[in-house]
Amino acid sequence: MSTVRESEAEARPNITWVKGDLIGKGTYGKVFLALNAITGEMLAVRQVEMPQSTSDQENQIQIAAVNAIRNERDILEGLDHTNIVRYLGFEQTAEFFNVFLEYVPGGSIGSIVERYGKFDEGSVRSFTGQIVDGLAYLHANNIIHRDVKANNVLVDSNGTCKICSFDISERSDGIYNNNAAMTTMQGSLFWMAPEMLQNNNKGYSAKVDIWSLGCVFIEMFTGKRPWAQDDFASVMFKVGHSKMAPLVPDDVNLSAEADDFRLKCFTEDPEARPTAEGLKSHPWLVLPPGYSFTGFG
């Protein structure tokens with residue numbers, strides 16, 4: 001049975017902060033806007049409740065929430081990259097476990113898509129290139145994200161993307177080699193790679209993040225989640241059994257280079273699927289001279 005680890009039980013806060021509005025809710029806890037009372041800096045605080053009663057300590061959902069936020073803290077600690085949300089510290093009290101992150105006021109790509117619809121190709125190209133840079137950095141540090149989707153990429157007012165939500169991320173040696181220890185389905189079904197849905201003991205590698213990147217590409221170009229017309233059972237069959245990639249609707253016109261990038265992300269064989277570092281040199285990701293992000297709406 002899973003248990004909440006007791007190390008850091010006496011952890012002291014390293015940031016004096018004032019809680020603001022609730023700005024997000026997820027599978028594991030809530031996210032609040034907060035103010036650093038010393039510096040005046042705005043923060044995002046991910047918060048989960050610590051188990052209190054005996055029944056709480058036996059509640060597997062609550063235990064999973066605490067372990068997930070601790071995992072995020074462990075993964076983010078020490079990382080430093082423009083396209084990864086910045087970790088600022090943590091606080092553990094008797095009631096809550098809090099992780100302090102930089103506040104990115106623009107929201108997620110998912111929320112922007114929901115509000116404004118599909119993106120122009122310039123924005124998709126810019127954002128995709130930044131996500132690739134962030135993934136290449138994570139993979140170089142032996143980290144598999146395992147839940148890459150539009151809702152887990154934040155965008156600031158300057159159009160800078162920041163990968164977030166590391167609850168189920170994993171460190172692994174030999175990042176692009178199948179890891180037999182990693183056989184469980186993790187993440188969000190509509191963004192999952194076929195090998196993650198396979199019922200075998202081969203495991204999977206960081207190449208699952210590349211497939212998911214392709215799904216974010218689809219989201220930005222179409223304004224809808226991948227497999228927008230399919231339910232869970234249908235996607236389980238199409239991706240897990242038939243190894244299909246999400247289709248591009250007829251009303252979306254991709255340039256030849258954009259379509260080539262898409263096809264590379266959705267390479268069926270994970271060993272042949274490019275790495276994030278390899279994708280960085282794809283010609284489609286080269287921004288046109290003078291490109292600048294001008295916002296949405």
# chains A, B, ... in the order shown; residues from 1 in each chain; ligands from 1
>>> select_by_dssp(residues="range 2-237 of chain A", states="helix (DSSP H, G or I)", output="PDB file with N, CA and C atoms, in the first residue's frame")
ATOM      1  N   THR A  54      -6.823   9.237  10.518  1.00  0.00           N
ATOM      2  CA  THR A  54      -6.394   7.878  10.161  1.00  0.00           C
ATOM      3  C   THR A  54      -6.977   7.471   8.820  1.00  0.00           C
ATOM      4  N   SER A  55      -8.236   7.832   8.593  1.00  0.00           N
ATOM      5  CA  SER A  55      -8.862   7.486   7.309  1.00  0.00           C
ATOM      6  C   SER A  55      -8.189   8.223   6.160  1.00  0.00           C
ATOM      7  N   ASP A  56      -7.782   9.491   6.389  1.00  0.00           N
ATOM      8  CA  ASP A  56      -7.042  10.239   5.365  1.00  0.00           C
ATOM      9  C   ASP A  56      -5.751   9.524   5.000  1.00  0.00           C
ATOM     10  N   GLN A  57      -5.057   9.019   6.019  1.00  0.00           N
ATOM     11  CA  GLN A  57      -3.761   8.381   5.802  1.00  0.00           C
ATOM     12  C   GLN A  57      -3.891   7.048   5.083  1.00  0.00           C
ATOM     13  N   GLN A  60      -6.093   6.386  -0.624  1.00  0.00           N
ATOM     14  CA  GLN A  60      -5.087   6.287  -1.679  1.00  0.00           C
ATOM     15  C   GLN A  60      -5.093   7.495  -2.616  1.00  0.00           C
ATOM     16  N   ILE A  61      -6.245   8.120  -2.803  1.00  0.00           N
ATOM     17  CA  ILE A  61      -6.306   9.308  -3.659  1.00  0.00           C
ATOM     18  C   ILE A  61      -5.545  10.457  -3.021  1.00  0.00           C
ATOM     19  N   GLN A  62      -5.749  10.643  -1.722  1.00  0.00           N
ATOM     20  CA  GLN A  62      -5.062  11.734  -1.031  1.00  0.00           C
ATOM     21  C   GLN A  62      -3.563  11.468  -0.943  1.00  0.00           C
ATOM     22  N   ILE A  63      -3.206  10.216  -0.703  1.00  0.00           N
ATOM     23  CA  ILE A  63      -1.791   9.851  -0.665  1.00  0.00           C
ATOM     24  C   ILE A  63      -1.144  10.102  -2.028  1.00  0.00           C
ATOM     25  N   ALA A  64      -1.858   9.715  -3.099  1.00  0.00           N
ATOM     26  CA  ALA A  64      -1.330   9.925  -4.452  1.00  0.00           C
ATOM     27  C   ALA A  64      -1.131  11.407  -4.738  1.00  0.00           C
ATOM     28  N   ALA A  65      -2.049  12.251  -4.250  1.00  0.00           N
ATOM     29  CA  ALA A  65      -1.937  13.691  -4.479  1.00  0.00           C
ATOM     30  C   ALA A  65      -0.688  14.261  -3.822  1.00  0.00           C
ATOM     31  N   VAL A  66      -0.420  13.843  -2.580  1.00  0.00           N
ATOM     32  CA  VAL A  66       0.763  14.338  -1.879  1.00  0.00           C
ATOM     33  C   VAL A  66       2.033  13.844  -2.563  1.00  0.00           C
ATOM     34  N   ASN A  67       2.058  12.571  -2.912  1.00  0.00           N
ATOM     35  CA  ASN A  67       3.249  12.031  -3.572  1.00  0.00           C
ATOM     36  C   ASN A  67       3.470  12.666  -4.941  1.00  0.00           C
ATOM     37  N   ALA A  68       2.366  13.016  -5.637  1.00  0.00           N
ATOM     38  CA  ALA A  68       2.490  13.644  -6.957  1.00  0.00           C
ATOM     39  C   ALA A  68       3.103  15.033  -6.855  1.00  0.00           C
ATOM     40  N   ILE A  69       2.658  15.826  -5.881  1.00  0.00           N
ATOM     41  CA  ILE A  69       3.206  17.181  -5.770  1.00  0.00           C
ATOM     42  C   ILE A  69       4.649  17.131  -5.282  1.00  0.00           C
ATOM     43  N   ARG A  70       4.976  16.139  -4.453  1.00  0.00           N
ATOM     44  CA  ARG A  70       6.375  15.966  -4.058  1.00  0.00           C
ATOM     45  C   ARG A  70       7.219  15.567  -5.256  1.00  0.00           C
ATOM     46  N   ASN A  71       6.639  14.746  -6.123  1.00  0.00           N
ATOM     47  CA  ASN A  71       7.369  14.346  -7.325  1.00  0.00           C
ATOM     48  C   ASN A  71       7.642  15.560  -8.198  1.00  0.00           C
ATOM     49  N   GLU A  72       6.642  16.435  -8.340  1.00  0.00           N
ATOM     50  CA  GLU A  72       6.858  17.650  -9.127  1.00  0.00           C
ATOM     51  C   GLU A  72       7.990  18.478  -8.539  1.00  0.00           C
ATOM     52  N   ARG A  73       7.977  18.632  -7.211  1.00  0.00           N
ATOM     53  CA  ARG A  73       9.042  19.380  -6.554  1.00  0.00           C
ATOM     54  C   ARG A  73      10.404  18.751  -6.836  1.00  0.00           C
ATOM     55  N   ASP A  74      10.481  17.423  -6.707  1.00  0.00           N
ATOM     56  CA  ASP A  74      11.756  16.733  -6.916  1.00  0.00           C
ATOM     57  C   ASP A  74      12.245  16.865  -8.356  1.00  0.00           C
ATOM     58  N   ILE A  75      11.307  16.806  -9.309  1.00  0.00           N
ATOM     59  CA  ILE A  75      11.672  16.915 -10.722  1.00  0.00           C
ATOM     60  C   ILE A  75      12.152  18.323 -11.060  1.00  0.00           C
ATOM     61  N   LEU A  76      11.427  19.332 -10.596  1.00  0.00           N
ATOM     62  CA  LEU A  76      11.725  20.715 -10.980  1.00  0.00           C
ATOM     63  C   LEU A  76      12.936  21.297 -10.270  1.00  0.00           C
ATOM     64  N   ILE A 109      -1.747  27.080 -23.236  1.00  0.00           N
ATOM     65  CA  ILE A 109      -2.136  26.995 -24.651  1.00  0.00           C
ATOM     66  C   ILE A 109      -3.562  26.473 -24.752  1.00  0.00           C
ATOM     67  N   GLY A 110      -3.908  25.503 -23.883  1.00  0.00           N
ATOM     68  CA  GLY A 110      -5.260  24.949 -23.902  1.00  0.00           C
ATOM     69  C   GLY A 110      -6.320  26.000 -23.636  1.00  0.00           C
ATOM     70  N   SER A 111      -6.086  26.864 -22.649  1.00  0.00           N
ATOM     71  CA  SER A 111      -7.076  27.900 -22.330  1.00  0.00           C
ATOM     72  C   SER A 111      -7.150  28.949 -23.429  1.00  0.00           C
ATOM     73  N   ILE A 112      -6.019  29.225 -24.074  1.00  0.00           N
ATOM     74  CA  ILE A 112      -6.008  30.196 -25.178  1.00  0.00           C
ATOM     75  C   ILE A 112      -6.768  29.638 -26.375  1.00  0.00           C
ATOM     76  N   VAL A 113      -6.556  28.354 -26.671  1.00  0.00           N
ATOM     77  CA  VAL A 113      -7.289  27.701 -27.764  1.00  0.00           C
ATOM     78  C   VAL A 113      -8.792  27.733 -27.483  1.00  0.00           C
ATOM     79  N   GLU A 114      -9.154  27.447 -26.240  1.00  0.00           N
ATOM     80  CA  GLU A 114     -10.571  27.438 -25.871  1.00  0.00           C
ATOM     81  C   GLU A 114     -11.198  28.822 -26.046  1.00  0.00           C
ATOM     82  N   ARG A 115     -10.422  29.846 -25.772  1.00  0.00           N
ATOM     83  CA  ARG A 115     -10.950  31.213 -25.846  1.00  0.00           C
ATOM     84  C   ARG A 115     -10.941  31.778 -27.258  1.00  0.00           C
ATOM     85  N   TYR A 116      -9.844  31.534 -28.004  1.00  0.00           N
ATOM     86  CA  TYR A 116      -9.674  32.200 -29.295  1.00  0.00           C
ATOM     87  C   TYR A 116      -9.762  31.260 -30.498  1.00  0.00           C
ATOM     88  N   GLU A 121      -0.288  29.849 -38.397  1.00  0.00           N
ATOM     89  CA  GLU A 121       0.878  28.970 -38.498  1.00  0.00           C
ATOM     90  C   GLU A 121       2.115  29.566 -37.838  1.00  0.00           C
ATOM     91  N   GLY A 122       2.273  30.881 -37.886  1.00  0.00           N
ATOM     92  CA  GLY A 122       3.434  31.495 -37.245  1.00  0.00           C
ATOM     93  C   GLY A 122       3.464  31.227 -35.754  1.00  0.00           C
ATOM     94  N   SER A 123       2.313  31.356 -35.101  1.00  0.00           N
ATOM     95  CA  SER A 123       2.246  31.095 -33.664  1.00  0.00           C
ATOM     96  C   SER A 123       2.487  29.624 -33.366  1.00  0.00           C
ATOM     97  N   VAL A 124       1.895  28.743 -34.177  1.00  0.00           N
ATOM     98  CA  VAL A 124       2.106  27.307 -33.962  1.00  0.00           C
ATOM     99  C   VAL A 124       3.585  26.970 -34.106  1.00  0.00           C
ATOM    100  N   ARG A 125       4.221  27.533 -35.105  1.00  0.00           N
ATOM    101  CA  ARG A 125       5.641  27.269 -35.346  1.00  0.00           C
ATOM    102  C   ARG A 125       6.489  27.756 -34.173  1.00  0.00           C
ATOM    103  N   SER A 126       6.222  28.972 -33.716  1.00  0.00           N
ATOM    104  CA  SER A 126       6.982  29.531 -32.599  1.00  0.00           C
ATOM    105  C   SER A 126       6.788  28.710 -31.329  1.00  0.00           C
ATOM    106  N   PHE A 127       5.534  28.408 -31.007  1.00  0.00           N
ATOM    107  CA  PHE A 127       5.250  27.678 -29.774  1.00  0.00           C
ATOM    108  C   PHE A 127       5.797  26.255 -29.837  1.00  0.00           C
ATOM    109  N   THR A 128       5.639  25.611 -30.996  1.00  0.00           N
ATOM    110  CA  THR A 128       6.143  24.243 -31.135  1.00  0.00           C
ATOM    111  C   THR A 128       7.652  24.208 -30.952  1.00  0.00           C
ATOM    112  N   GLY A 129       8.355  25.158 -31.564  1.00  0.00           N
ATOM    113  CA  GLY A 129       9.808  25.202 -31.415  1.00  0.00           C
ATOM    114  C   GLY A 129      10.231  25.354 -29.968  1.00  0.00           C
ATOM    115  N   GLN A 130       9.492  26.165 -29.218  1.00  0.00           N
ATOM    116  CA  GLN A 130       9.831  26.353 -27.810  1.00  0.00           C
ATOM    117  C   GLN A 130       9.551  25.100 -26.986  1.00  0.00           C
ATOM    118  N   ILE A 131       8.448  24.420 -27.293  1.00  0.00           N
ATOM    119  CA  ILE A 131       8.152  23.168 -26.588  1.00  0.00           C
ATOM    120  C   ILE A 131       9.234  22.137 -26.889  1.00  0.00           C
ATOM    121  N   VAL A 132       9.661  22.074 -28.147  1.00  0.00           N
ATOM    122  CA  VAL A 132      10.754  21.162 -28.517  1.00  0.00           C
ATOM    123  C   VAL A 132      12.010  21.490 -27.716  1.00  0.00           C
ATOM    124  N   ASP A 133      12.343  22.774 -27.598  1.00  0.00           N
ATOM    125  CA  ASP A 133      13.522  23.167 -26.815  1.00  0.00           C
ATOM    126  C   ASP A 133      13.384  22.720 -25.361  1.00  0.00           C
ATOM    127  N   GLY A 134      12.195  22.915 -24.794  1.00  0.00           N
ATOM    128  CA  GLY A 134      11.971  22.496 -23.413  1.00  0.00           C
ATOM    129  C   GLY A 134      12.074  20.996 -23.240  1.00  0.00           C
ATOM    130  N   LEU A 135      11.503  20.243 -24.175  1.00  0.00           N
ATOM    131  CA  LEU A 135      11.581  18.783 -24.094  1.00  0.00           C
ATOM    132  C   LEU A 135      13.012  18.295 -24.267  1.00  0.00           C
ATOM    133  N   ALA A 136      13.753  18.911 -25.180  1.00  0.00           N
ATOM    134  CA  ALA A 136      15.153  18.510 -25.370  1.00  0.00           C
ATOM    135  C   ALA A 136      15.938  18.716 -24.080  1.00  0.00           C
ATOM    136  N   TYR A 137      15.669  19.813 -23.384  1.00  0.00           N
ATOM    137  CA  TYR A 137      16.337  20.077 -22.101  1.00  0.00           C
ATOM    138  C   TYR A 137      15.933  19.033 -21.060  1.00  0.00           C
ATOM    139  N   LEU A 138      14.644  18.737 -20.963  1.00  0.00           N
ATOM    140  CA  LEU A 138      14.190  17.718 -20.008  1.00  0.00           C
ATOM    141  C   LEU A 138      14.831  16.374 -20.299  1.00  0.00           C
ATOM    142  N   HIS A 139      14.803  15.970 -21.560  1.00  0.00           N
ATOM    143  CA  HIS A 139      15.349  14.666 -21.936  1.00  0.00           C
ATOM    144  C   HIS A 139      16.857  14.613 -21.702  1.00  0.00           C
ATOM    145  N   ALA A 140      17.543  15.726 -21.926  1.00  0.00           N
ATOM    146  CA  ALA A 140      18.985  15.771 -21.649  1.00  0.00           C
ATOM    147  C   ALA A 140      19.269  15.608 -20.163  1.00  0.00           C
ATOM    148  N   ALA A 150      -1.763  20.610 -24.415  1.00  0.00           N
ATOM    149  CA  ALA A 150      -1.876  22.070 -24.467  1.00  0.00           C
ATOM    150  C   ALA A 150      -2.147  22.682 -23.100  1.00  0.00           C
ATOM    151  N   ASN A 151      -2.887  21.976 -22.253  1.00  0.00           N
ATOM    152  CA  ASN A 151      -3.177  22.505 -20.916  1.00  0.00           C
ATOM    153  C   ASN A 151      -1.949  22.531 -20.016  1.00  0.00           C
ATOM    154  N   ASN A 152      -0.901  21.830 -20.407  1.00  0.00           N
ATOM    155  CA  ASN A 152       0.314  21.770 -19.594  1.00  0.00           C
ATOM    156  C   ASN A 152       1.467  22.574 -20.188  1.00  0.00           C
ATOM    157  N   LEU A 189      -5.326  10.266 -22.069  1.00  0.00           N
ATOM    158  CA  LEU A 189      -5.492   9.285 -23.139  1.00  0.00           C
ATOM    159  C   LEU A 189      -5.371   9.870 -24.537  1.00  0.00           C
ATOM    160  N   PHE A 190      -6.034  10.978 -24.804  1.00  0.00           N
ATOM    161  CA  PHE A 190      -6.086  11.499 -26.174  1.00  0.00           C
ATOM    162  C   PHE A 190      -4.724  11.974 -26.680  1.00  0.00           C
ATOM    163  N   TRP A 191      -3.763  12.119 -25.783  1.00  0.00           N
ATOM    164  CA  TRP A 191      -2.413  12.558 -26.153  1.00  0.00           C
ATOM    165  C   TRP A 191      -1.389  11.426 -26.051  1.00  0.00           C
ATOM    166  N   PRO A 194       1.067   5.200 -28.940  1.00  0.00           N
ATOM    167  CA  PRO A 194       0.625   3.805 -28.998  1.00  0.00           C
ATOM    168  C   PRO A 194       1.355   2.895 -28.027  1.00  0.00           C
ATOM    169  N   GLU A 195       2.678   3.076 -27.890  1.00  0.00           N
ATOM    170  CA  GLU A 195       3.441   2.159 -27.037  1.00  0.00           C
ATOM    171  C   GLU A 195       3.055   2.276 -25.569  1.00  0.00           C
ATOM    172  N   MET A 196       2.476   3.407 -25.188  1.00  0.00           N
ATOM    173  CA  MET A 196       2.036   3.540 -23.797  1.00  0.00           C
ATOM    174  C   MET A 196       0.747   2.763 -23.554  1.00  0.00           C
ATOM    175  N   LYS A 207      10.289   8.896 -26.066  1.00  0.00           N
ATOM    176  CA  LYS A 207       9.648   9.119 -27.360  1.00  0.00           C
ATOM    177  C   LYS A 207       8.133   9.323 -27.213  1.00  0.00           C
ATOM    178  N   VAL A 208       7.552   8.919 -26.063  1.00  0.00           N
ATOM    179  CA  VAL A 208       6.121   9.182 -25.858  1.00  0.00           C
ATOM    180  C   VAL A 208       5.856  10.685 -25.826  1.00  0.00           C
ATOM    181  N   ASP A 209       6.821  11.460 -25.345  1.00  0.00           N
ATOM    182  CA  ASP A 209       6.653  12.918 -25.312  1.00  0.00           C
ATOM    183  C   ASP A 209       6.616  13.514 -26.715  1.00  0.00           C
ATOM    184  N   ILE A 210       7.307  12.870 -27.655  1.00  0.00           N
ATOM    185  CA  ILE A 210       7.333  13.374 -29.032  1.00  0.00           C
ATOM    186  C   ILE A 210       5.972  13.161 -29.696  1.00  0.00           C
ATOM    187  N   TRP A 211       5.376  11.998 -29.478  1.00  0.00           N
ATOM    188  CA  TRP A 211       4.020  11.747 -29.989  1.00  0.00           C
ATOM    189  C   TRP A 211       3.047  12.782 -29.409  1.00  0.00           C
ATOM    190  N   SER A 212       3.130  12.997 -28.099  1.00  0.00           N
ATOM    191  CA  SER A 212       2.242  13.965 -27.444  1.00  0.00           C
ATOM    192  C   SER A 212       2.460  15.374 -27.990  1.00  0.00           C
ATOM    193  N   LEU A 213       3.706  15.708 -28.312  1.00  0.00           N
ATOM    194  CA  LEU A 213       4.003  16.994 -28.952  1.00  0.00           C
ATOM    195  C   LEU A 213       3.219  17.128 -30.251  1.00  0.00           C
ATOM    196  N   GLY A 214       3.175  16.052 -31.032  1.00  0.00           N
ATOM    197  CA  GLY A 214       2.390  16.065 -32.267  1.00  0.00           C
ATOM    198  C   GLY A 214       0.919  16.348 -32.000  1.00  0.00           C
ATOM    199  N   CYS A 215       0.421  15.839 -30.876  1.00  0.00           N
ATOM    200  CA  CYS A 215      -0.978  16.084 -30.509  1.00  0.00           C
ATOM    201  C   CYS A 215      -1.206  17.546 -30.142  1.00  0.00           C
ATOM    202  N   VAL A 216      -0.229  18.177 -29.490  1.00  0.00           N
ATOM    203  CA  VAL A 216      -0.333  19.609 -29.186  1.00  0.00           C
ATOM    204  C   VAL A 216      -0.310  20.416 -30.486  1.00  0.00           C
ATOM    205  N   PHE A 217       0.519  20.008 -31.420  1.00  0.00           N
ATOM    206  CA  PHE A 217       0.558  20.596 -32.768  1.00  0.00           C
ATOM    207  C   PHE A 217      -0.847  20.572 -33.367  1.00  0.00           C
ATOM    208  N   ILE A 218      -1.523  19.421 -33.281  1.00  0.00           N
ATOM    209  CA  ILE A 218      -2.887  19.280 -33.794  1.00  0.00           C
ATOM    210  C   ILE A 218      -3.832  20.247 -33.081  1.00  0.00           C
ATOM    211  N   GLU A 219      -3.712  20.322 -31.755  1.00  0.00           N
ATOM    212  CA  GLU A 219      -4.572  21.224 -30.973  1.00  0.00           C
ATOM    213  C   GLU A 219      -4.440  22.663 -31.446  1.00  0.00           C
ATOM    214  N   MET A 220      -3.218  23.111 -31.646  1.00  0.00           N
ATOM    215  CA  MET A 220      -3.008  24.509 -32.021  1.00  0.00           C
ATOM    216  C   MET A 220      -3.508  24.804 -33.431  1.00  0.00           C
ATOM    217  N   PHE A 221      -3.315  23.858 -34.352  1.00  0.00           N
ATOM    218  CA  PHE A 221      -3.738  24.089 -35.731  1.00  0.00           C
ATOM    219  C   PHE A 221      -5.251  23.960 -35.911  1.00  0.00           C
ATOM    220  N   THR A 222      -5.906  23.137 -35.085  1.00  0.00           N
ATOM    221  CA  THR A 222      -7.338  22.875 -35.272  1.00  0.00           C
ATOM    222  C   THR A 222      -8.230  23.607 -34.275  1.00  0.00           C
ATOM    223  N   PHE A 232     -13.375   7.592 -25.458  1.00  0.00           N
ATOM    224  CA  PHE A 232     -12.238   6.865 -24.902  1.00  0.00           C
ATOM    225  C   PHE A 232     -12.049   5.503 -25.558  1.00  0.00           C
ATOM    226  N   ALA A 233     -13.142   4.745 -25.681  1.00  0.00           N
ATOM    227  CA  ALA A 233     -13.030   3.385 -26.216  1.00  0.00           C
ATOM    228  C   ALA A 233     -12.513   3.406 -27.648  1.00  0.00           C
ATOM    229  N   SER A 234     -13.010   4.357 -28.436  1.00  0.00           N
ATOM    230  CA  SER A 234     -12.578   4.467 -29.826  1.00  0.00           C
ATOM    231  C   SER A 234     -11.094   4.792 -29.920  1.00  0.00           C
ATOM    232  N   VAL A 235     -10.628   5.715 -29.087  1.00  0.00           N
ATOM    233  CA  VAL A 235      -9.215   6.099 -29.119  1.00  0.00           C
ATOM    234  C   VAL A 235      -8.331   4.961 -28.622  1.00  0.00           C
ATOM    235  N   MET A 236      -8.780   4.246 -27.603  1.00  0.00           N
ATOM    236  CA  MET A 236      -8.018   3.089 -27.121  1.00  0.00           C
ATOM    237  C   MET A 236      -7.780   2.102 -28.260  1.00  0.00           C
ATOM    238  N   PHE A 237      -8.810   1.887 -29.089  1.00  0.00           N
ATOM    239  CA  PHE A 237      -8.670   0.947 -30.200  1.00  0.00           C
ATOM    240  C   PHE A 237      -7.802   1.535 -31.309  1.00  0.00           C
TER     241      PHE A 237
END
>>> residues_around(residues="Tyr103 in chain A", least_positions_apart="5", cutoff="7 Å", atoms="only C-alpha atoms", output="list in words")
Met42, Leu43 and Ala44 of chain A
>>> residues_around(residues="range 14-29 of chain A", least_positions_apart="5", cutoff="6 Å", atoms="only C-alpha atoms", output="JSON, numbers by chain")
{"A": [34, 35, 36, 37, 47, 48, 65]}
>>> write_last_selection(atoms="N, CA and C atoms", output="compact mmCIF listing (two decimals), in the first residue's frame")
# COMPACT_ATOMS: atom_id res chain seq x y z
N ALA A 34 -0.51 34.04 -5.71
CA ALA A 34 -0.02 34.48 -4.40
C ALA A 34 0.98 35.60 -4.57
N LEU A 35 1.23 36.28 -3.48
CA LEU A 35 2.19 37.38 -3.45
C LEU A 35 3.32 37.04 -2.50
N ASN A 36 4.56 37.15 -2.98
CA ASN A 36 5.72 37.04 -2.10
C ASN A 36 5.77 38.33 -1.28
N ALA A 37 5.52 38.18 0.02
CA ALA A 37 5.40 39.36 0.88
C ALA A 37 6.71 40.10 1.06
N GLN A 47 -1.08 23.51 -4.38
CA GLN A 47 -1.35 23.12 -3.00
C GLN A 47 -2.18 21.84 -2.94
N VAL A 48 -1.76 20.91 -2.08
CA VAL A 48 -2.57 19.74 -1.76
C VAL A 48 -2.70 19.63 -0.25
N ALA A 65 -2.05 12.25 -4.25
CA ALA A 65 -1.94 13.69 -4.48
C ALA A 65 -0.69 14.26 -3.82
>>> closest_residue(among="A:Glu49, A:Val148, A:Leu287, A:Ala193", to="Lys238 in chain A", atoms="only C-alpha atoms")
A:Ala193
>>> select_by_dssp(residues="range 22-145 of chain A", states="strand (DSSP E)", output="ChimeraX atom specification")
/A:22-25,30-36,42-49,87-92,96-102,143-144
>>> atom_distance(atom1="CA of Leu33 in chain A", atom2="CA of Gly295 in chain A")
22.4 Å
>>> closest_residue(among="A:Phe119, A:Gly278, A:Ser169, A:Gln52", to="Ala94 in chain A", atoms="only C-alpha atoms")
A:Gln52
